[in-house]
Amino acid sequence: MKPNESLKIALVGNPNLGKTTLFNKLCGLNQRTGNYPGVTVDKKKGYLKADGKKIEIVDLPGINGLYPNSKDEELVVKYLLNSEAEDYPDKIVLIVSALNLKRNLFLYEQIRDLNIPLILAVNMVDLAARRGIFVDIDALRKAVDIPIVKISAKKGTGFAELITLFEEEIVVKPRKTTYIQEDQEAILDTYSQLTNEASKYKAFLAITEPNLTDDQAEKDQFILENEVNVREWKTNASILRYKHIKTYFDTVQSIDKTKNNP
Amino acid sequence: MEIRLSDFKIKQIGVIKQVLDNHIAAKLFEYGILPGVQFSILNKAPFKGPIFIQIDNNRIALRRSEAAFIMVE
Ligand SMILES: Nc1nc2c(ncn2[C@@H]2O[C@H](COP(=O)(O)OP(=O)(O)OP(=O)(O)O)[C@@H](O)[C@H]2O)c(=O)[nH]1
Ligand SMILES: [Mg+2]
């Protein structure tokens, strides 16, 4: 963040879990929300006043993961990867829904590896509780190494805690990789060193997703020389990430079967 | 026997065997549609509309064209 500029916070998450609802409440705006995915299709800015300071909030279309499948998704993924850009956020609030936690945590696992200052906001806790789904925030806090808050975007609960986190310093350090097979990791290390990429996962994305960076010829050369099976890397990454989520998920979510689950 | 997810009927439970290689495979993996994962069919919309499946506690809507890439048993 440059001096005299307001803090920029971007709202990121899977589709249809309350990003715009939160954005509207924080900024006093009235952007479209709806109970189906794909409502937001563009980046929108708003402002929040906290302690007399102006904080810029950016609402974004929902994404399923970091491999874009549509123009809206591509816009978000490029925004998240281009840390040199003028409008790059200072912090990200990753919103997950208590109703779809496992799948939403998949996106957390990916974005966590970009090493961007990150806050995890667990939304829809009101609706989940009514359906007998409970999220143990303390257990989740142990599993993720970033600040985390429980909110209801619709009811406005948990906002004070969230806004305090906007202004706190958050450092997200590189962690042990969870998404690549051990015998392939050396290849990835070589590529991140070659490209001077501090986030190993960004290097991984560059290798496995052709549309995200433009040095395609060099990349193809590297892939060929090192016999990288791009498709296998992608599949294994998803399998390994879900495996990793499984190591902590059972402590985090409990379901009351007597209630009418989704 | 080659069975696709799109062949399954409402309320049927199955296990994902394989996702055929195609341009949306990465997206399906991100949804948690991975080999060995158990799923159930919640609903199938008429007129070749979407298929709603459940994995763990999560609901996923798939287009018929997407479901046709998913081999199950
Ligand atoms: N019960 C409950 N419903 C919520 C909450 N937050 C959002 N919703 C509802 O969830 C639906 C989706 O909300 P949106 O804010 O449009 O979701 P979004 O994440 O912006 O969706 P996309 O822009 O499509 O990615 C709306 O019907 C909201 O009213 C919450 O905390 N509790
Ligand atoms: Mg929205």
# chains A, B, ... in the order shown; residues from 1 in each chain; ligands from 1
call {"tool": "interface_residues", "arguments": {"of": "chain B", "to": "chain A", "cutoff": "10 Å", "atoms": "only C-alpha atoms", "output": "list in words"}}
result
Val19, Asp21, Asn22, His23, Ile24, Ala25, Ala26, Lys27, Leu28, Phe29, Glu30, Tyr31, Gly32, Ile33, Leu34, Pro35, Gln54, Ile55, Asp56, Asn57, Asn58, Arg59 and Ile60 of chain B
call {"tool": "select_by_dssp", "arguments": {"residues": "range 32-171 of chain A", "states": "helix (DSSP H, G or I)", "output": "PyMOL selection string"}}
result
chain A and resi 71-81+98-112+125-130+137-143+159-167
call {"tool": "residues_near_ligand", "arguments": {"ligand": "ligand 1", "cutoff": "6 Å", "atoms": "only C-alpha atoms and all ligand atoms", "output": "list in words"}}
result
Pro15, Asn16, Leu17, Gly18, Lys19, Thr20, Thr21, Thr33, Gly34, Asn35, Pro37, Gly38, Val39, Thr40, Pro61, Gly62, Asn123, Met124, Asp126, Leu127, Ser152, Ala153 and Lys154 of chain A
call {"tool": "select_by_dssp", "arguments": {"residues": "chain B", "states": "strand (DSSP E)", "output": "list in words"}}
result
Ile3, Arg4, Ile13, Gly14, Val15, Ile16, Lys17, Gln18, Val19, Gln38, Phe39, Ser40, Ile41, Leu42, Asn43, Lys44, Ile51, Phe52, Ile53, Gln54, Ile55, Asn58, Arg59, Ile60, Ala61, Leu62, Ile70, Met71 and Val72 of chain B
call {"tool": "atom_distance", "arguments": {"atom1": "CA of Thr157 in chain A", "atom2": "CA of Ser6 in chain A"}}
result
24.6 Å
call {"tool": "closest_residue", "arguments": {"among": "A:Glu225, A:Asp59, A:Asp250, A:Glu84", "to": "Lys45 in chain A", "atoms": "only C-alpha atoms"}}
result
A:Asp59
call {"tool": "atom_distance", "arguments": {"atom1": "CA of Lys71 in chain A", "atom2": "CA of Ala67 in chain B"}}
result
22.1 Å
call {"tool": "closest_residue", "arguments": {"among": "B:Ala68, B:Ala61, B:Leu20, B:Ile53", "to": "Ser6 in chain B", "atoms": "only C-alpha atoms"}}
result
B:Ala68
call {"tool": "atom_distance", "arguments": {"atom1": "CA of Val93 in chain A", "atom2": "CA of Ile137 in chain A"}}
result
16.2 Å
call {"tool": "residues_around", "arguments": {"residues": "Ser65 in chain B", "least_positions_apart": "5", "cutoff": "10 Å", "atoms": "only C-alpha atoms", "output": "PyMOL selection string"}}
result
chain B and resi 6+48-50+70
call {"tool": "write_last_selection", "arguments": {"atoms": "N, CA and C atoms", "output": "short mmCIF file (atom, residue, chain, number, x, y, z; two decimals), in the first residue's frame"}}
result
data_model
loop_
_atom_site.label_atom_id
_atom_site.label_comp_id
_atom_site.auth_asym_id
_atom_site.auth_seq_id
_atom_site.Cartn_x
_atom_site.Cartn_y
_atom_site.Cartn_z
N SER B 6 -24.19 -39.64 -15.83
CA SER B 6 -25.45 -39.19 -16.42
C SER B 6 -26.45 -40.34 -16.61
N LYS B 48 -33.14 -32.84 -20.16
CA LYS B 48 -31.67 -32.78 -20.21
C LYS B 48 -31.11 -31.60 -19.42
N GLY B 49 -31.80 -31.23 -18.36
CA GLY B 49 -31.33 -30.15 -17.48
C GLY B 49 -30.24 -30.67 -16.56
N PRO B 50 -29.82 -29.84 -15.59
CA PRO B 50 -28.71 -30.23 -14.73
C PRO B 50 -29.00 -31.43 -13.83
N ILE B 70 -17.96 -38.36 -16.57
CA ILE B 70 -17.64 -38.98 -15.29
C ILE B 70 -18.05 -40.45 -15.30
#
call {"tool": "residues_around", "arguments": {"residues": "Phe249 in chain A", "least_positions_apart": "6", "cutoff": "9 Å", "atoms": "only C-alpha atoms", "output": "PyMOL selection string"}}
result
chain A and resi 102+139-140+143
call {"tool": "write_last_selection", "arguments": {"atoms": "C-alpha atoms", "output": "PDB file, in the first residue's frame"}}
result
ATOM      1  CA  LYS A 102     -15.239 -28.922   2.505  1.00  0.00           C
ATOM      2  CA  ALA A 139     -10.680 -26.523  15.553  1.00  0.00           C
ATOM      3  CA  LEU A 140     -10.605 -24.782  12.180  1.00  0.00           C
ATOM      4  CA  ALA A 143      -6.010 -26.347  11.024  1.00  0.00           C
TER       5      ALA A 143
END
call {"tool": "residues_around", "arguments": {"residues": "Phe8 in chain B", "least_positions_apart": "5", "cutoff": "10 Å", "atoms": "only C-alpha atoms", "output": "list in words"}}
result
Ile3, Ile13, Gly14, Ser40, Ile41, Lys44, Ile51, Ala67, Val72 and Glu73 of chain B
call {"tool": "residues_around", "arguments": {"residues": "Ile116 in chain A", "least_positions_apart": "3", "cutoff": "10 Å", "atoms": "only C-alpha atoms", "output": "VMD selection string"}}
result
chain A and resid 80 to 81 83 89 to 92 111 to 113 119 170 to 174 199
call {"tool": "write_last_selection", "arguments": {"atoms": "N, CA and C atoms", "output": "PDB file, in the first residue's frame"}}
result
ATOM      1  N   LEU A  80      -5.817 -12.037  -8.770  1.00  0.00           N
ATOM      2  CA  LEU A  80      -5.140 -12.613  -7.604  1.00  0.00           C
ATOM      3  C   LEU A  80      -3.669 -12.930  -7.870  1.00  0.00           C
ATOM      4  N   LEU A  81      -3.347 -13.206  -9.125  1.00  0.00           N
ATOM      5  CA  LEU A  81      -1.982 -13.619  -9.434  1.00  0.00           C
ATOM      6  C   LEU A  81      -1.066 -12.453  -9.771  1.00  0.00           C
ATOM      7  N   SER A  83       0.494  -9.653  -8.745  1.00  0.00           N
ATOM      8  CA  SER A  83       0.798  -8.851  -7.560  1.00  0.00           C
ATOM      9  C   SER A  83       1.481  -7.523  -7.904  1.00  0.00           C
ATOM     10  N   PRO A  89      -4.810  -6.088  -4.208  1.00  0.00           N
ATOM     11  CA  PRO A  89      -5.294  -5.851  -2.841  1.00  0.00           C
ATOM     12  C   PRO A  89      -4.205  -6.021  -1.785  1.00  0.00           C
ATOM     13  N   ASP A  90      -4.376  -5.328  -0.668  1.00  0.00           N
ATOM     14  CA  ASP A  90      -3.464  -5.489   0.461  1.00  0.00           C
ATOM     15  C   ASP A  90      -3.782  -6.756   1.232  1.00  0.00           C
ATOM     16  N   LYS A  91      -5.068  -7.077   1.250  1.00  0.00           N
ATOM     17  CA  LYS A  91      -5.506  -8.279   1.956  1.00  0.00           C
ATOM     18  C   LYS A  91      -6.677  -8.899   1.218  1.00  0.00           C
ATOM     19  N   ILE A  92      -6.837 -10.198   1.456  1.00  0.00           N
ATOM     20  CA  ILE A  92      -7.988 -10.892   0.885  1.00  0.00           C
ATOM     21  C   ILE A  92      -8.834 -11.449   2.015  1.00  0.00           C
ATOM     22  N   ILE A 111      -5.578 -20.781  -2.363  1.00  0.00           N
ATOM     23  CA  ILE A 111      -5.230 -19.369  -2.196  1.00  0.00           C
ATOM     24  C   ILE A 111      -4.203 -19.181  -1.085  1.00  0.00           C
ATOM     25  N   ARG A 112      -4.278 -20.027  -0.077  1.00  0.00           N
ATOM     26  CA  ARG A 112      -3.297 -19.989   1.014  1.00  0.00           C
ATOM     27  C   ARG A 112      -1.868 -20.099   0.473  1.00  0.00           C
ATOM     28  N   ASP A 113      -1.722 -20.894  -0.569  1.00  0.00           N
ATOM     29  CA  ASP A 113      -0.384 -21.124  -1.109  1.00  0.00           C
ATOM     30  C   ASP A 113       0.117 -19.995  -2.005  1.00  0.00           C
ATOM     31  N   ILE A 119      -7.585 -13.493   5.303  1.00  0.00           N
ATOM     32  CA  ILE A 119      -8.488 -13.689   6.442  1.00  0.00           C
ATOM     33  C   ILE A 119      -9.539 -14.684   5.982  1.00  0.00           C
ATOM     34  N   ILE A 170      -1.066  -8.942   8.813  1.00  0.00           N
ATOM     35  CA  ILE A 170      -1.204 -10.392   8.649  1.00  0.00           C
ATOM     36  C   ILE A 170      -0.078 -10.871   7.749  1.00  0.00           C
ATOM     37  N   VAL A 171       0.699 -11.797   8.260  1.00  0.00           N
ATOM     38  CA  VAL A 171       1.799 -12.330   7.451  1.00  0.00           C
ATOM     39  C   VAL A 171       1.507 -13.790   7.131  1.00  0.00           C
ATOM     40  N   VAL A 172       1.481 -14.090   5.860  1.00  0.00           N
ATOM     41  CA  VAL A 172       1.245 -15.466   5.442  1.00  0.00           C
ATOM     42  C   VAL A 172       2.534 -16.000   4.831  1.00  0.00           C
ATOM     43  N   LYS A 173       3.185 -16.866   5.596  1.00  0.00           N
ATOM     44  CA  LYS A 173       4.496 -17.367   5.160  1.00  0.00           C
ATOM     45  C   LYS A 173       4.337 -18.603   4.281  1.00  0.00           C
ATOM     46  N   PRO A 174       5.316 -18.838   3.406  1.00  0.00           N
ATOM     47  CA  PRO A 174       5.264 -20.084   2.623  1.00  0.00           C
ATOM     48  C   PRO A 174       5.176 -21.285   3.559  1.00  0.00           C
ATOM     49  N   SER A 199       6.389 -17.682  -4.711  1.00  0.00           N
ATOM     50  CA  SER A 199       5.340 -18.637  -4.354  1.00  0.00           C
ATOM     51  C   SER A 199       5.463 -19.853  -5.261  1.00  0.00           C
TER      52      SER A 199
END
call {"tool": "residues_around", "arguments": {"residues": "Val149 in chain A", "least_positions_apart": "5", "cutoff": "7 Å", "atoms": "only C-alpha atoms", "output": "PDB file with N, CA, C and O atoms, in the first residue's frame"}}
result
ATOM      1  N   LEU A 120      -9.884 -15.633   6.815  1.00  0.00           N
ATOM      2  CA  LEU A 120     -10.935 -16.584   6.451  1.00  0.00           C
ATOM      3  C   LEU A 120     -12.219 -16.201   7.186  1.00  0.00           C
ATOM      4  O   LEU A 120     -12.220 -16.076   8.411  1.00  0.00           O
ATOM      5  N   ALA A 121     -13.291 -15.959   6.430  1.00  0.00           N
ATOM      6  CA  ALA A 121     -14.581 -15.630   7.047  1.00  0.00           C
ATOM      7  C   ALA A 121     -15.562 -16.768   6.765  1.00  0.00           C
ATOM      8  O   ALA A 121     -15.852 -17.076   5.615  1.00  0.00           O
ATOM      9  N   VAL A 122     -16.034 -17.399   7.816  1.00  0.00           N
ATOM     10  CA  VAL A 122     -16.994 -18.498   7.665  1.00  0.00           C
ATOM     11  C   VAL A 122     -18.399 -17.908   7.733  1.00  0.00           C
ATOM     12  O   VAL A 122     -18.854 -17.460   8.782  1.00  0.00           O
ATOM     13  N   GLY A 158     -20.659 -10.695  13.582  1.00  0.00           N
ATOM     14  CA  GLY A 158     -19.224 -10.948  13.431  1.00  0.00           C
ATOM     15  C   GLY A 158     -18.484  -9.853  12.674  1.00  0.00           C
ATOM     16  O   GLY A 158     -17.284  -9.960  12.444  1.00  0.00           O
ATOM     17  N   LEU A 162     -14.304  -8.811  12.176  1.00  0.00           N
ATOM     18  CA  LEU A 162     -13.773  -8.846  10.804  1.00  0.00           C
ATOM     19  C   LEU A 162     -13.092  -7.519  10.460  1.00  0.00           C
ATOM     20  O   LEU A 162     -11.972  -7.497   9.930  1.00  0.00           O
TER      21      LEU A 162
END
